[in-house]
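Raw contents of final35.cif, mmCIF, C-alpha atoms:
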```cif
data_final
loop_
_atom_site.label_atom_id
_atom_site.label_comp_id
_atom_site.auth_asym_id
_atom_site.auth_seq_id
_atom_site.Cartn_x
_atom_site.Cartn_y
_atom_site.Cartn_z
CA MET O 1 30.37 9.86 4.53
CA MET O 2 28.21 7.95 7.02
CA LYS O 3 30.77 8.70 9.75
CA ASN O 4 30.23 12.43 9.23
CA LYS O 5 26.46 12.02 9.57
CA MET O 6 26.77 9.98 12.74
CA THR O 7 29.02 12.59 14.37
CA PHE O 8 27.24 15.84 13.52
CA PHE O 9 26.91 16.95 17.16
CA GLY O 10 30.55 16.04 17.78
CA ALA O 11 31.53 18.33 14.91
CA ILE O 12 29.41 21.15 16.34
CA GLU O 13 30.94 20.86 19.81
CA ARG O 14 34.47 20.72 18.36
CA ASN O 15 33.72 23.98 16.52
CA ILE O 16 32.45 25.58 19.73
CA TRP O 17 34.95 24.27 22.35
CA GLY O 18 37.83 22.98 20.26
CA ASP O 19 40.27 20.82 22.22
CA LYS O 20 38.69 21.59 25.60
CA ILE O 21 36.41 18.56 25.24
CA ASN O 22 37.25 15.01 24.27
CA ALA O 23 33.81 13.37 24.17
CA ASN O 24 32.84 10.31 22.18
CA PRO O 25 31.89 11.74 18.75
CA TYR O 26 29.00 9.29 18.32
CA PHE O 27 27.29 9.30 21.72
CA ALA O 28 25.55 12.70 21.65
CA THR O 29 24.45 12.24 18.04
CA LEU O 30 23.01 8.80 18.78
CA SER O 31 21.29 10.26 21.83
CA ILE O 32 19.67 12.92 19.68
CA LEU O 33 18.53 10.32 17.14
CA ALA O 34 17.15 8.07 19.92
CA VAL O 35 15.13 10.94 21.37
CA MET O 36 13.88 11.79 17.87
CA LEU O 37 12.73 8.19 17.45
CA ALA O 38 10.99 8.35 20.84
CA GLY O 39 9.23 11.51 19.66
CA ALA O 40 8.08 9.74 16.50
CA VAL O 41 6.70 6.85 18.53
CA ALA O 42 4.99 9.22 20.96
CA GLY O 43 3.51 11.44 18.23
CA GLY O 44 2.30 8.54 16.12
CA GLY O 45 0.86 6.72 19.12
CA ARG O 46 -0.97 9.83 20.28
CA LEU O 47 -2.39 10.40 16.80
CA PHE O 48 -3.65 6.81 16.53
CA TYR O 49 -5.23 7.13 19.97
CA GLU O 50 -6.96 10.42 19.18
CA TRP O 51 -8.26 9.34 15.75
CA PHE O 52 -9.03 5.65 16.16
CA ARG O 53 -8.93 5.07 19.94
CA TRP O 54 -6.11 2.57 19.48
CA ASP O 55 -4.21 2.47 22.75
CA MET O 56 -0.77 3.22 21.36
CA ALA O 57 -0.29 6.58 23.09
CA MET O 58 2.84 6.95 25.17
CA ASN O 59 2.79 8.35 28.66
CA ASN O 60 4.00 11.97 28.55
CA VAL O 61 5.70 11.67 31.93
CA ALA O 62 7.59 8.59 30.72
CA MET O 63 8.70 10.42 27.58
CA ALA O 64 9.92 13.39 29.63
CA ALA O 65 11.76 10.99 31.94
CA LEU O 66 13.39 9.34 28.92
CA ILE O 67 14.68 12.71 27.68
CA VAL O 68 16.03 13.56 31.15
CA TRP O 69 17.60 10.10 31.48
CA ILE O 70 19.39 10.37 28.12
CA TRP O 71 20.41 13.95 28.92
CA GLY O 72 21.79 12.73 32.25
CA TYR O 73 24.10 10.29 30.49
CA ASN O 74 25.31 13.12 28.27
CA VAL O 75 25.87 15.37 31.31
CA ALA O 76 27.97 12.60 32.85
CA GLU O 77 29.96 12.32 29.63
CA SER O 78 30.42 16.10 29.58
CA ILE O 79 31.79 16.07 33.12
CA ILE O 80 34.23 13.28 32.29
CA ALA O 81 35.33 14.55 28.87
CA ALA O 82 35.60 18.31 29.52
CA GLU O 83 38.79 20.04 30.67
CA ASP O 84 36.95 22.47 32.95
CA TRP O 85 33.53 22.91 34.47
CA LYS O 86 32.53 25.75 32.11
CA VAL O 87 32.81 23.52 29.05
CA ALA O 88 30.94 20.69 30.80
CA LEU O 89 28.15 23.07 31.83
CA GLY O 90 27.99 24.68 28.38
CA ARG O 91 27.81 21.33 26.58
CA SER O 92 25.15 20.06 28.97
CA LEU O 93 23.06 23.20 28.61
CA LEU O 94 23.38 23.03 24.81
CA LEU O 95 22.28 19.40 24.69
CA LEU O 96 19.05 19.83 26.69
CA PRO O 97 17.21 22.10 24.21
CA VAL O 98 18.65 20.09 21.30
CA LEU O 99 17.17 16.90 22.78
CA ILE O 100 13.81 18.58 23.40
CA LEU O 101 13.73 19.94 19.85
CA ALA O 102 14.66 16.50 18.48
CA PHE O 103 11.74 14.96 20.40
CA VAL O 104 9.31 17.60 19.09
CA PHE O 105 10.61 17.22 15.54
CA GLY O 106 10.20 13.43 15.73
CA ALA O 107 6.62 13.78 17.02
CA VAL O 108 5.62 16.33 14.38
CA ALA O 109 7.34 14.42 11.59
CA SER O 110 5.55 11.21 12.58
CA VAL O 111 2.17 12.95 12.49
CA VAL O 112 2.97 14.44 9.08
CA VAL O 113 4.10 11.06 7.73
CA ILE O 114 1.00 9.30 9.11
CA CYS O 115 -1.26 11.98 7.61
CA LEU O 116 0.50 11.68 4.23
CA VAL O 117 0.12 7.89 4.26
CA ILE O 118 -3.58 8.15 5.19
CA LEU O 119 -4.11 10.76 2.44
CA TRP O 120 -2.34 8.52 -0.09
CA LEU O 121 -4.45 5.51 0.93
CA ALA O 122 -7.63 7.59 0.69
CA LEU O 123 -6.68 8.81 -2.78
CA MET O 124 -5.90 5.25 -3.89
CA PHE O 125 -9.27 4.08 -2.58
CA ILE O 126 -11.13 6.92 -4.30
CA SER O 127 -9.23 6.28 -7.53
CA TYR O 128 -10.09 2.58 -7.37
CA ALA O 129 -13.74 3.35 -6.61
CA LEU O 130 -13.98 5.76 -9.53
CA THR O 131 -12.24 3.32 -11.87
CA SER O 132 -14.46 0.44 -10.79
CA SER O 133 -17.70 2.37 -11.11
CA GLY O 134 -16.54 3.87 -14.41
CA GLY O 135 -15.78 0.39 -15.77
CA ARG O 136 -19.15 -0.94 -14.73
CA SER O 137 -21.22 1.91 -16.06
CA GLY O 138 -19.35 1.79 -19.35
CA SER O 139 -19.96 -1.93 -19.65
CA ARG O 140 -23.58 -1.67 -18.57
CA SER O 141 -24.40 0.59 -21.40
CA GLY O 142 -22.44 -1.72 -23.74
CA GLY O 143 -23.68 0.21 -26.77
CA SER O 144 -27.05 1.10 -25.29
CA SER O 145 -27.45 4.66 -24.07
CA SER O 146 -30.25 3.92 -21.62
CA ASP O 147 -29.98 2.37 -18.17
CA ASP O 148 -33.62 1.21 -18.51
CA ASP O 149 -32.55 -1.29 -21.17
CA PRO O 150 -29.09 -2.47 -20.10
CA SER O 151 -27.14 -4.61 -22.49
CA ILE O 152 -23.64 -5.95 -22.92
CA GLU O 153 -21.56 -6.67 -25.95
CA LEU O 154 -19.85 -10.04 -26.14
CA SER O 155 -16.41 -10.60 -27.60
CA THR O 156 -18.12 -11.98 -30.71
CA GLY O 157 -19.77 -8.59 -31.25
CA ARG O 158 -23.27 -9.85 -30.36
CA LYS O 159 -25.30 -7.68 -27.98
CA VAL O 160 -27.32 -9.24 -25.16
CA SER O 161 -29.90 -7.38 -23.11
CA GLY O 162 -30.72 -8.32 -19.53
CA THR O 163 -30.06 -7.24 -15.96
CA PHE O 164 -26.99 -6.77 -13.80
CA ALA O 165 -26.71 -8.66 -10.51
CA GLY O 166 -23.52 -7.63 -8.73
CA ASP O 167 -20.65 -8.52 -11.04
CA ASP O 168 -22.79 -10.89 -13.12
CA PHE O 169 -25.08 -10.12 -16.01
CA HIS O 170 -28.25 -12.18 -16.47
CA GLY O 171 -29.10 -12.05 -20.13
CA SER O 172 -32.61 -12.16 -21.57
CA ASP O 173 -31.46 -15.30 -23.40
CA GLY O 174 -31.44 -17.17 -20.04
CA LYS O 175 -27.65 -17.30 -19.73
CA THR O 176 -25.42 -15.71 -17.10
CA TYR O 177 -22.33 -13.81 -18.18
CA LYS O 178 -19.18 -13.01 -16.18
CA ARG O 179 -16.79 -10.13 -16.73
CA THR O 180 -13.36 -11.24 -18.02
CA GLY O 181 -11.72 -7.82 -18.25
CA TRP O 182 -12.50 -4.12 -18.14
CA GLY O 183 -13.29 -3.49 -21.80
CA SER O 184 -16.86 -3.00 -23.03
CA SER O 185 -16.85 -6.41 -24.77
CA ASP O 186 -15.07 -8.43 -22.06
CA TRP O 187 -17.99 -10.71 -21.14
CA GLU O 188 -18.25 -14.49 -21.46
CA LYS O 189 -20.88 -17.09 -20.74
CA GLU O 190 -20.58 -18.75 -17.33
#
```
For the structure just supplied, provide its representation as structure tokens.
Amino acid sequence: MMKNKMTFFGAIERNIWGDKINANPYFATLSILAVMLAGAVAGGGRLFYEWFRWDMAMNNVAMAALIVWIWGYNVAESIIAAEDWKVALGRSLLLLPVLILAFVFGAVASVVVICLVILWLALMFISYALTSSGGRSGSRSGGSSSDDDPSIELSTGRKVSGTFAGDDFHGSDGKTYKRTGWGSSDWEKE
């Protein structure tokens, strides 16, 4: 099964030219995947540079040279493996737009993946912030409906009024209480 995936371009060229070409079935496919990976690196690096000014952007001329370099190796393989010049030219001309499209797909896919990861992280952060603030406001009221007179309920059921200071609660009884959980009665003396 994996062999079929690693030779998809070889299968395409066999359907087009049949026995007139005897190229390595893996080389063109691996070339396409390498160019796609280069596109992903270039697209992701450009996005990080544009958004955060992180210097991860690839040089566009270098990326174009990489595509031409890989295409050149495939042209050489086409010349060696083809029975006549028409097949070699046809295979070479077919590979160039395929490599360019693979590069573009890799770049676009990397941007989409980066945006999805950033969106997921933002949603996780918002969810955590809402959960944290919801837990605090619920525990601050602790049975009291007014924020002017905050109180907490201890695990024993006793209510203590006082003031909140960060994650601590300073009770009017002179004791400091720490949160032990997220329930309304999850407070204990320090």
### Task
Grab the CA of Tyr26 (chain O) to CA of Ile100 (chain O) distance for me, in Å with one decimal place.
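Distance reported for this atom pair: 18.5 Å.
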### Query
Taking into account all atoms listed in the file, which residue in the set O:Glu153, O:Val160, O:Ser92, O:Asp55 is nearest to Ile70 (chain O)?
O:Ser92
### Task
For CA of Asn22 (chain O) and CA of Ser78 (chain O), determine how far apart the two atoms are, in Å to one decimal place.
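Atom-to-atom, CA of Asn22 (chain O) and CA of Ser78 (chain O) are spaced 8.7 Å apart.
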### Message
Under the PyMOL selection byres ((chain O and resi 10) around 12), which residues of this model are included? Write them out as number ranges by chain.
### Response
O: 3-9, 11-19, 21-32, 78, 91, 95
### Task
Have a look at O:Gly106, O:Asp186, O:Thr180, O:Pro97 and name the one nearest to Arg158 (chain O); count only C-alpha atoms.
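Using only C-alpha atoms, the shortest distance to Arg158 (chain O) belongs to O:Asp186.
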### Query
Which residue gives the smallest distance to Phe48 (chain O) among O:Val111, O:Ile126, O:His170, O:Leu96, with all atoms listed in the file counted?
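Looking only at the distances to Phe48 (chain O), the closest residue turns out to be O:Val111.
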#### Entry: Computed interatomic separation between CA of Tyr128 (chain O) and CA of Asp168 (chain O) (Å)
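A separation of 19.4 Å between them.
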### Query
Which of these residues is nearest to Ala82 (chain O), using all atoms listed in the file: O:Phe169, O:Ala65, O:Lys20, O:Lys178?
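Checking each of O:Phe169, O:Ala65, O:Lys20, O:Lys178 against Ala82 (chain O), counting all atoms listed in the file, the winner is O:Lys20.
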### Task
Could you please give me, as number ranges by chain, the residues of protein, DNA or RNA lying at most 12 Å from (5.5, 12.8, 27.9) in the coordinate frame of the file, considering all atoms listed in the file?
O: 35, 38-39, 41-43, 45-46, 57-68, 100, 103-104, 107
### Task
Given the file shown, enumerate the residues that the PyMOL selection byres ((chain O and resi 161) around 7) captures and present them as a list of chain:residue names.
O:Asp149, O:Pro150, O:Ser151, O:Ile152, O:Lys159, O:Val160, O:Gly162, O:Gly171, O:Ser172
### Task
Counting only C-alpha atoms, figure out which residue out of O:Asn74, O:Ser155, O:Thr131, O:Ser110 gets nearest to Trp187 (chain O).
O:Ser155
